[in-house]
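Participant: Take a look at data_0.pdb, PDB, N, CA and C atoms:
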```pdb
ATOM      1  N   MET C   1      96.309  99.189  98.344  1.00  0.00           N
ATOM      2  CA  MET C   1      96.345 100.521  97.771  1.00  0.00           C
ATOM      3  C   MET C   1      97.076 101.423  98.757  1.00  0.00           C
ATOM      4  N   THR C   2      98.137 102.064  98.277  1.00  0.00           N
ATOM      5  CA  THR C   2      98.900 102.955  99.149  1.00  0.00           C
ATOM      6  C   THR C   2      98.200 104.307  99.258  1.00  0.00           C
ATOM      7  N   GLU C   3      98.664 105.112 100.176  1.00  0.00           N
ATOM      8  CA  GLU C   3      98.074 106.438 100.364  1.00  0.00           C
ATOM      9  C   GLU C   3      98.276 107.309  99.118  1.00  0.00           C
ATOM     10  N   ASP C   4      99.449 107.193  98.495  1.00  0.00           N
ATOM     11  CA  ASP C   4      99.707 107.957  97.264  1.00  0.00           C
ATOM     12  C   ASP C   4      98.773 107.527  96.142  1.00  0.00           C
ATOM     13  N   GLN C   5      98.547 106.228  96.009  1.00  0.00           N
ATOM     14  CA  GLN C   5      97.620 105.734  94.984  1.00  0.00           C
ATOM     15  C   GLN C   5      96.200 106.214  95.250  1.00  0.00           C
ATOM     16  N   THR C   6      95.826 106.267  96.513  1.00  0.00           N
ATOM     17  CA  THR C   6      94.496 106.737  96.889  1.00  0.00           C
ATOM     18  C   THR C   6      94.290 108.181  96.462  1.00  0.00           C
ATOM     19  N   VAL C   7      95.258 109.025  96.767  1.00  0.00           N
ATOM     20  CA  VAL C   7      95.168 110.440  96.406  1.00  0.00           C
ATOM     21  C   VAL C   7      95.159 110.593  94.887  1.00  0.00           C
ATOM     22  N   GLU C   8      96.024 109.866  94.197  1.00  0.00           N
ATOM     23  CA  GLU C   8      96.068 109.939  92.737  1.00  0.00           C
ATOM     24  C   GLU C   8      94.741 109.503  92.128  1.00  0.00           C
ATOM     25  N   ALA C   9      94.144 108.440  92.653  1.00  0.00           N
ATOM     26  CA  ALA C   9      92.865 107.954  92.130  1.00  0.00           C
ATOM     27  C   ALA C   9      91.757 108.978  92.354  1.00  0.00           C
ATOM     28  N   LEU C  10      91.755 109.640  93.512  1.00  0.00           N
ATOM     29  CA  LEU C  10      90.770 110.688  93.765  1.00  0.00           C
ATOM     30  C   LEU C  10      90.964 111.864  92.811  1.00  0.00           C
ATOM     31  N   LEU C  11      92.211 112.243  92.588  1.00  0.00           N
ATOM     32  CA  LEU C  11      92.490 113.335  91.656  1.00  0.00           C
ATOM     33  C   LEU C  11      92.079 112.968  90.241  1.00  0.00           C
ATOM     34  N   ASP C  12      92.256 111.706  89.873  1.00  0.00           N
ATOM     35  CA  ASP C  12      91.826 111.250  88.549  1.00  0.00           C
ATOM     36  C   ASP C  12      90.319 111.419  88.367  1.00  0.00           C
ATOM     37  N   ILE C  13      89.565 111.220  89.436  1.00  0.00           N
ATOM     38  CA  ILE C  13      88.108 111.346  89.357  1.00  0.00           C
ATOM     39  C   ILE C  13      87.686 112.801  89.170  1.00  0.00           C
ATOM     40  N   ILE C  14      88.312 113.703  89.905  1.00  0.00           N
ATOM     41  CA  ILE C  14      87.824 115.089  89.909  1.00  0.00           C
ATOM     42  C   ILE C  14      88.457 115.973  88.848  1.00  0.00           C
ATOM     43  N   ASP C  15      89.621 115.600  88.333  1.00  0.00           N
ATOM     44  CA  ASP C  15      90.302 116.435  87.337  1.00  0.00           C
ATOM     45  C   ASP C  15      89.960 115.938  85.934  1.00  0.00           C
ATOM     46  N   SER C  16      89.309 116.788  85.160  1.00  0.00           N
ATOM     47  CA  SER C  16      88.865 116.390  83.822  1.00  0.00           C
ATOM     48  C   SER C  16      90.025 116.182  82.851  1.00  0.00           C
ATOM     49  N   GLU C  17      91.195 116.698  83.158  1.00  0.00           N
ATOM     50  CA  GLU C  17      92.346 116.547  82.277  1.00  0.00           C
ATOM     51  C   GLU C  17      93.119 115.251  82.519  1.00  0.00           C
ATOM     52  N   ARG C  18      92.755 114.530  83.561  1.00  0.00           N
ATOM     53  CA  ARG C  18      93.438 113.275  83.887  1.00  0.00           C
ATOM     54  C   ARG C  18      92.561 112.097  83.484  1.00  0.00           C
ATOM     55  N   ALA C  19      93.202 111.018  83.101  1.00  0.00           N
ATOM     56  CA  ALA C  19      92.479 109.796  82.736  1.00  0.00           C
ATOM     57  C   ALA C  19      92.165 109.015  84.006  1.00  0.00           C
ATOM     58  N   GLU C  20      90.925 108.609  84.135  1.00  0.00           N
ATOM     59  CA  GLU C  20      90.491 107.872  85.316  1.00  0.00           C
ATOM     60  C   GLU C  20      90.827 106.391  85.175  1.00  0.00           C
ATOM     61  N   ASN C  21      91.407 105.824  86.224  1.00  0.00           N
ATOM     62  CA  ASN C  21      91.665 104.389  86.268  1.00  0.00           C
ATOM     63  C   ASN C  21      90.457 103.743  86.937  1.00  0.00           C
ATOM     64  N   ARG C  22      89.651 103.036  86.179  1.00  0.00           N
ATOM     65  CA  ARG C  22      88.386 102.481  86.675  1.00  0.00           C
ATOM     66  C   ARG C  22      88.603 101.471  87.804  1.00  0.00           C
ATOM     67  N   ASP C  23      89.688 100.708  87.733  1.00  0.00           N
ATOM     68  CA  ASP C  23      89.957  99.723  88.783  1.00  0.00           C
ATOM     69  C   ASP C  23      90.260 100.406  90.117  1.00  0.00           C
ATOM     70  N   LEU C  24      91.070 101.463  90.067  1.00  0.00           N
ATOM     71  CA  LEU C  24      91.380 102.190  91.299  1.00  0.00           C
ATOM     72  C   LEU C  24      90.152 102.928  91.825  1.00  0.00           C
ATOM     73  N   SER C  25      89.343 103.462  90.927  1.00  0.00           N
ATOM     74  CA  SER C  25      88.116 104.137  91.350  1.00  0.00           C
ATOM     75  C   SER C  25      87.177 103.157  92.047  1.00  0.00           C
ATOM     76  N   ALA C  26      87.100 101.944  91.537  1.00  0.00           N
ATOM     77  CA  ALA C  26      86.263 100.921  92.166  1.00  0.00           C
ATOM     78  C   ALA C  26      86.800 100.572  93.553  1.00  0.00           C
ATOM     79  N   GLN C  27      88.116 100.562  93.715  1.00  0.00           N
ATOM     80  CA  GLN C  27      88.694 100.298  95.032  1.00  0.00           C
ATOM     81  C   GLN C  27      88.366 101.416  96.016  1.00  0.00           C
ATOM     82  N   LEU C  28      88.270 102.634  95.504  1.00  0.00           N
ATOM     83  CA  LEU C  28      87.905 103.756  96.374  1.00  0.00           C
ATOM     84  C   LEU C  28      86.500 103.579  96.945  1.00  0.00           C
ATOM     85  N   THR C  29      85.609 102.962  96.173  1.00  0.00           N
ATOM     86  CA  THR C  29      84.250 102.746  96.676  1.00  0.00           C
ATOM     87  C   THR C  29      84.263 101.764  97.841  1.00  0.00           C
ATOM     88  N   VAL C  30      85.140 100.781  97.792  1.00  0.00           N
ATOM     89  CA  VAL C  30      85.257  99.817  98.891  1.00  0.00           C
ATOM     90  C   VAL C  30      85.774 100.511 100.144  1.00  0.00           C
ATOM     91  N   LEU C  31      86.674 101.463  99.964  1.00  0.00           N
ATOM     92  CA  LEU C  31      87.237 102.203 101.095  1.00  0.00           C
ATOM     93  C   LEU C  31      86.306 103.294 101.611  1.00  0.00           C
ATOM     94  N   GLY C  32      85.223 103.560 100.879  1.00  0.00           N
ATOM     95  CA  GLY C  32      84.279 104.600 101.287  1.00  0.00           C
ATOM     96  C   GLY C  32      84.709 105.994 100.887  1.00  0.00           C
ATOM     97  N   LEU C  33      85.666 106.103  99.960  1.00  0.00           N
ATOM     98  CA  LEU C  33      86.170 107.408  99.546  1.00  0.00           C
ATOM     99  C   LEU C  33      85.536 107.907  98.253  1.00  0.00           C
ATOM    100  N   ALA C  34      84.805 107.033  97.568  1.00  0.00           N
ATOM    101  CA  ALA C  34      84.107 107.411  96.335  1.00  0.00           C
ATOM    102  C   ALA C  34      82.817 106.607  96.247  1.00  0.00           C
ATOM    103  N   GLU C  35      81.907 107.110  95.409  1.00  0.00           N
ATOM    104  CA  GLU C  35      80.658 106.395  95.172  1.00  0.00           C
ATOM    105  C   GLU C  35      80.372 106.402  93.682  1.00  0.00           C
ATOM    106  N   ARG C  36      79.643 105.399  93.252  1.00  0.00           N
ATOM    107  CA  ARG C  36      79.284 105.296  91.836  1.00  0.00           C
ATOM    108  C   ARG C  36      78.196 106.310  91.501  1.00  0.00           C
ATOM    109  N   THR C  37      78.294 106.868  90.299  1.00  0.00           N
ATOM    110  CA  THR C  37      77.251 107.742  89.765  1.00  0.00           C
ATOM    111  C   THR C  37      76.867 107.189  88.408  1.00  0.00           C
ATOM    112  N   GLY C  38      75.777 106.503  88.356  1.00  0.00           N
ATOM    113  CA  GLY C  38      75.370 105.865  87.111  1.00  0.00           C
ATOM    114  C   GLY C  38      76.187 104.619  86.844  1.00  0.00           C
ATOM    115  N   LYS C  39      76.233 104.224  85.591  1.00  0.00           N
ATOM    116  CA  LYS C  39      76.954 103.003  85.227  1.00  0.00           C
ATOM    117  C   LYS C  39      78.457 103.208  85.123  1.00  0.00           C
ATOM    118  N   ASN C  40      78.891 104.370  84.685  1.00  0.00           N
ATOM    119  CA  ASN C  40      80.303 104.550  84.363  1.00  0.00           C
ATOM    120  C   ASN C  40      81.033 105.606  85.170  1.00  0.00           C
ATOM    121  N   GLY C  41      80.367 106.272  86.085  1.00  0.00           N
ATOM    122  CA  GLY C  41      81.018 107.370  86.768  1.00  0.00           C
ATOM    123  C   GLY C  41      81.257 107.132  88.250  1.00  0.00           C
ATOM    124  N   PHE C  42      82.146 107.930  88.795  1.00  0.00           N
ATOM    125  CA  PHE C  42      82.440 107.921  90.217  1.00  0.00           C
ATOM    126  C   PHE C  42      82.546 109.367  90.678  1.00  0.00           C
ATOM    127  N   ARG C  43      82.298 109.585  91.956  1.00  0.00           N
ATOM    128  CA  ARG C  43      82.536 110.898  92.558  1.00  0.00           C
ATOM    129  C   ARG C  43      83.003 110.678  93.987  1.00  0.00           C
ATOM    130  N   PRO C  44      83.826 111.588  94.498  1.00  0.00           N
ATOM    131  CA  PRO C  44      84.314 111.433  95.870  1.00  0.00           C
ATOM    132  C   PRO C  44      83.182 111.607  96.882  1.00  0.00           C
ATOM    133  N   THR C  45      83.271 110.872  97.960  1.00  0.00           N
ATOM    134  CA  THR C  45      82.356 111.059  99.084  1.00  0.00           C
ATOM    135  C   THR C  45      82.916 112.184  99.955  1.00  0.00           C
ATOM    136  N   SER C  46      82.229 112.499 101.025  1.00  0.00           N
ATOM    137  CA  SER C  46      82.747 113.507 101.963  1.00  0.00           C
ATOM    138  C   SER C  46      84.097 113.080 102.514  1.00  0.00           C
ATOM    139  N   ALA C  47      84.252 111.798 102.784  1.00  0.00           N
ATOM    140  CA  ALA C  47      85.531 111.281 103.288  1.00  0.00           C
ATOM    141  C   ALA C  47      86.642 111.465 102.255  1.00  0.00           C
ATOM    142  N   GLY C  48      86.308 111.252 100.984  1.00  0.00           N
ATOM    143  CA  GLY C  48      87.290 111.448  99.918  1.00  0.00           C
ATOM    144  C   GLY C  48      87.722 112.896  99.809  1.00  0.00           C
ATOM    145  N   TRP C  49      86.756 113.808  99.875  1.00  0.00           N
ATOM    146  CA  TRP C  49      87.091 115.237  99.822  1.00  0.00           C
ATOM    147  C   TRP C  49      87.923 115.632 101.034  1.00  0.00           C
ATOM    148  N   ASN C  50      87.585 115.093 102.203  1.00  0.00           N
ATOM    149  CA  ASN C  50      88.353 115.417 103.407  1.00  0.00           C
ATOM    150  C   ASN C  50      89.790 114.938 103.293  1.00  0.00           C
ATOM    151  N   LEU C  51      89.985 113.753 102.727  1.00  0.00           N
ATOM    152  CA  LEU C  51      91.339 113.241 102.543  1.00  0.00           C
ATOM    153  C   LEU C  51      92.132 114.154 101.623  1.00  0.00           C
ATOM    154  N   LEU C  52      91.537 114.597 100.533  1.00  0.00           N
ATOM    155  CA  LEU C  52      92.227 115.516  99.628  1.00  0.00           C
ATOM    156  C   LEU C  52      92.510 116.852 100.296  1.00  0.00           C
ATOM    157  N   GLY C  53      91.577 117.329 101.107  1.00  0.00           N
ATOM    158  CA  GLY C  53      91.759 118.601 101.799  1.00  0.00           C
ATOM    159  C   GLY C  53      92.908 118.567 102.774  1.00  0.00           C
ATOM    160  N   GLU C  54      93.090 117.451 103.456  1.00  0.00           N
ATOM    161  CA  GLU C  54      94.193 117.314 104.403  1.00  0.00           C
ATOM    162  C   GLU C  54      95.532 117.345 103.685  1.00  0.00           C
ATOM    163  N   LYS C  55      95.595 116.774 102.488  1.00  0.00           N
ATOM    164  CA  LYS C  55      96.852 116.754 101.726  1.00  0.00           C
ATOM    165  C   LYS C  55      97.215 118.144 101.216  1.00  0.00           C
ATOM    166  N   GLY C  56      96.237 119.010 101.033  1.00  0.00           N
ATOM    167  CA  GLY C  56      96.507 120.347 100.511  1.00  0.00           C
ATOM    168  C   GLY C  56      96.822 121.380 101.571  1.00  0.00           C
ATOM    169  N   ARG C  57      96.719 121.017 102.820  1.00  0.00           N
ATOM    170  CA  ARG C  57      96.973 121.978 103.900  1.00  0.00           C
ATOM    171  C   ARG C  57      98.445 121.993 104.281  1.00  0.00           C
ATOM    172  N   LYS C  58      98.971 123.188 104.482  1.00  0.00           N
ATOM    173  CA  LYS C  58     100.364 123.296 104.895  1.00  0.00           C
ATOM    174  C   LYS C  58     100.528 122.984 106.380  1.00  0.00           C
ATOM    175  N   HIS C  59      99.634 123.496 107.172  1.00  0.00           N
ATOM    176  CA  HIS C  59      99.764 123.364 108.621  1.00  0.00           C
ATOM    177  C   HIS C  59      98.543 122.672 109.184  1.00  0.00           C
ATOM    178  N   ARG C  60      98.771 121.907 110.189  1.00  0.00           N
ATOM    179  CA  ARG C  60      97.670 121.257 110.881  1.00  0.00           C
ATOM    180  C   ARG C  60      97.489 121.938 112.227  1.00  0.00           C
ATOM    181  N   TYR C  61      96.297 122.436 112.446  1.00  0.00           N
ATOM    182  CA  TYR C  61      96.035 123.140 113.695  1.00  0.00           C
ATOM    183  C   TYR C  61      95.401 122.191 114.690  1.00  0.00           C
ATOM    184  N   ALA C  62      95.842 122.280 115.917  1.00  0.00           N
ATOM    185  CA  ALA C  62      95.306 121.396 116.959  1.00  0.00           C
ATOM    186  C   ALA C  62      94.074 121.971 117.565  1.00  0.00           C
TER     187      ALA C  62
END
```
Output the file's structure as structure tokens, nothing else.

Facilitator:
Amino acid sequence: MTEDQTVEALLDIIDSERAENRDLSAQLTVLGLAERTGKNGFRPTSAGWNLLGEKGRKHRYA
């Protein structure tokens, strides 16, 4: 799974207008970026949210 696929899969989980790819969401759970919620759902973990937050920042402060 590439970094772009990871970000896209996370966005698929959180954006209600996007279709979720269940296979990619399951891969996110292996990476620790998402967790299962019930039988059919996924949600990002803190690590998943942090990854998305880093992609949305223009500048990185040291």

Participant: Just asking: which residues within chain C are strand (DSSP E or B) according to DSSP, as a list in words?

Facilitator: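 Restricting chain C to strand (DSSP E or B) produces Ala34, Glu35, Arg36, Thr37, Gly41, Phe42, Arg43 and Pro44 of chain C.
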
Participant: Work out how far atom C of Gly38 of chain C is from atom C of Glu3 of chain C, in Å to one decimal.

Facilitator: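 Calculated distance between atom C of Glu3 of chain C and atom C of Gly38 of chain C is 25.4 Å.
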
Participant: Rounded to one decimal, what separation in Å do you get between atom C of Glu8 of chain C and atom C of Arg36 of chain C?

Facilitator: 16.9 Å

Participant: Take atom CA of Leu28 of chain C and atom N of Asp15 of chain C and report the distance between them in Å, one decimal.

Facilitator: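 Distance reported for this atom pair: 14.4 Å.
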
Participant: Just the residues within 5 Å of Pro44 of chain C, please, counting only N, CA and C atoms, with nothing from its chain fewer than 4 positions along; format it as a list of chain:residue names.

Facilitator: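 So, after excluding close chain neighbours, the residues are C:Leu33, C:Ala34, C:Glu35.
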
Participant: Set up a box along x, y and z of the file covering all listed atoms of segment 23-42 of chain C, add 8 Å on every one of the six sides, and write the centre and edge lengths in Å to one decimal, as JSON.

Facilitator:
```
{"center_x": 83.4, "center_y": 104.5, "center_z": 93.0, "size_x": 32.0, "size_y": 25.6, "size_z": 33.2}
```

Participant: Taking only C-alpha atoms into account, which of C:Ala26, C:Ala19, C:Ile14, C:Thr2 comes nearest Trp49 of chain C?

Facilitator: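 The closest residue to Trp49 of chain C is C:Ile14.
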
Participant: May I have the protein, DNA and RNA residues with any atom at most 5 Å from the point (85.4, 106.3, 90.8), counting all atoms listed in the file, written as number ranges by chain?

Facilitator: C: 25-26, 41-43
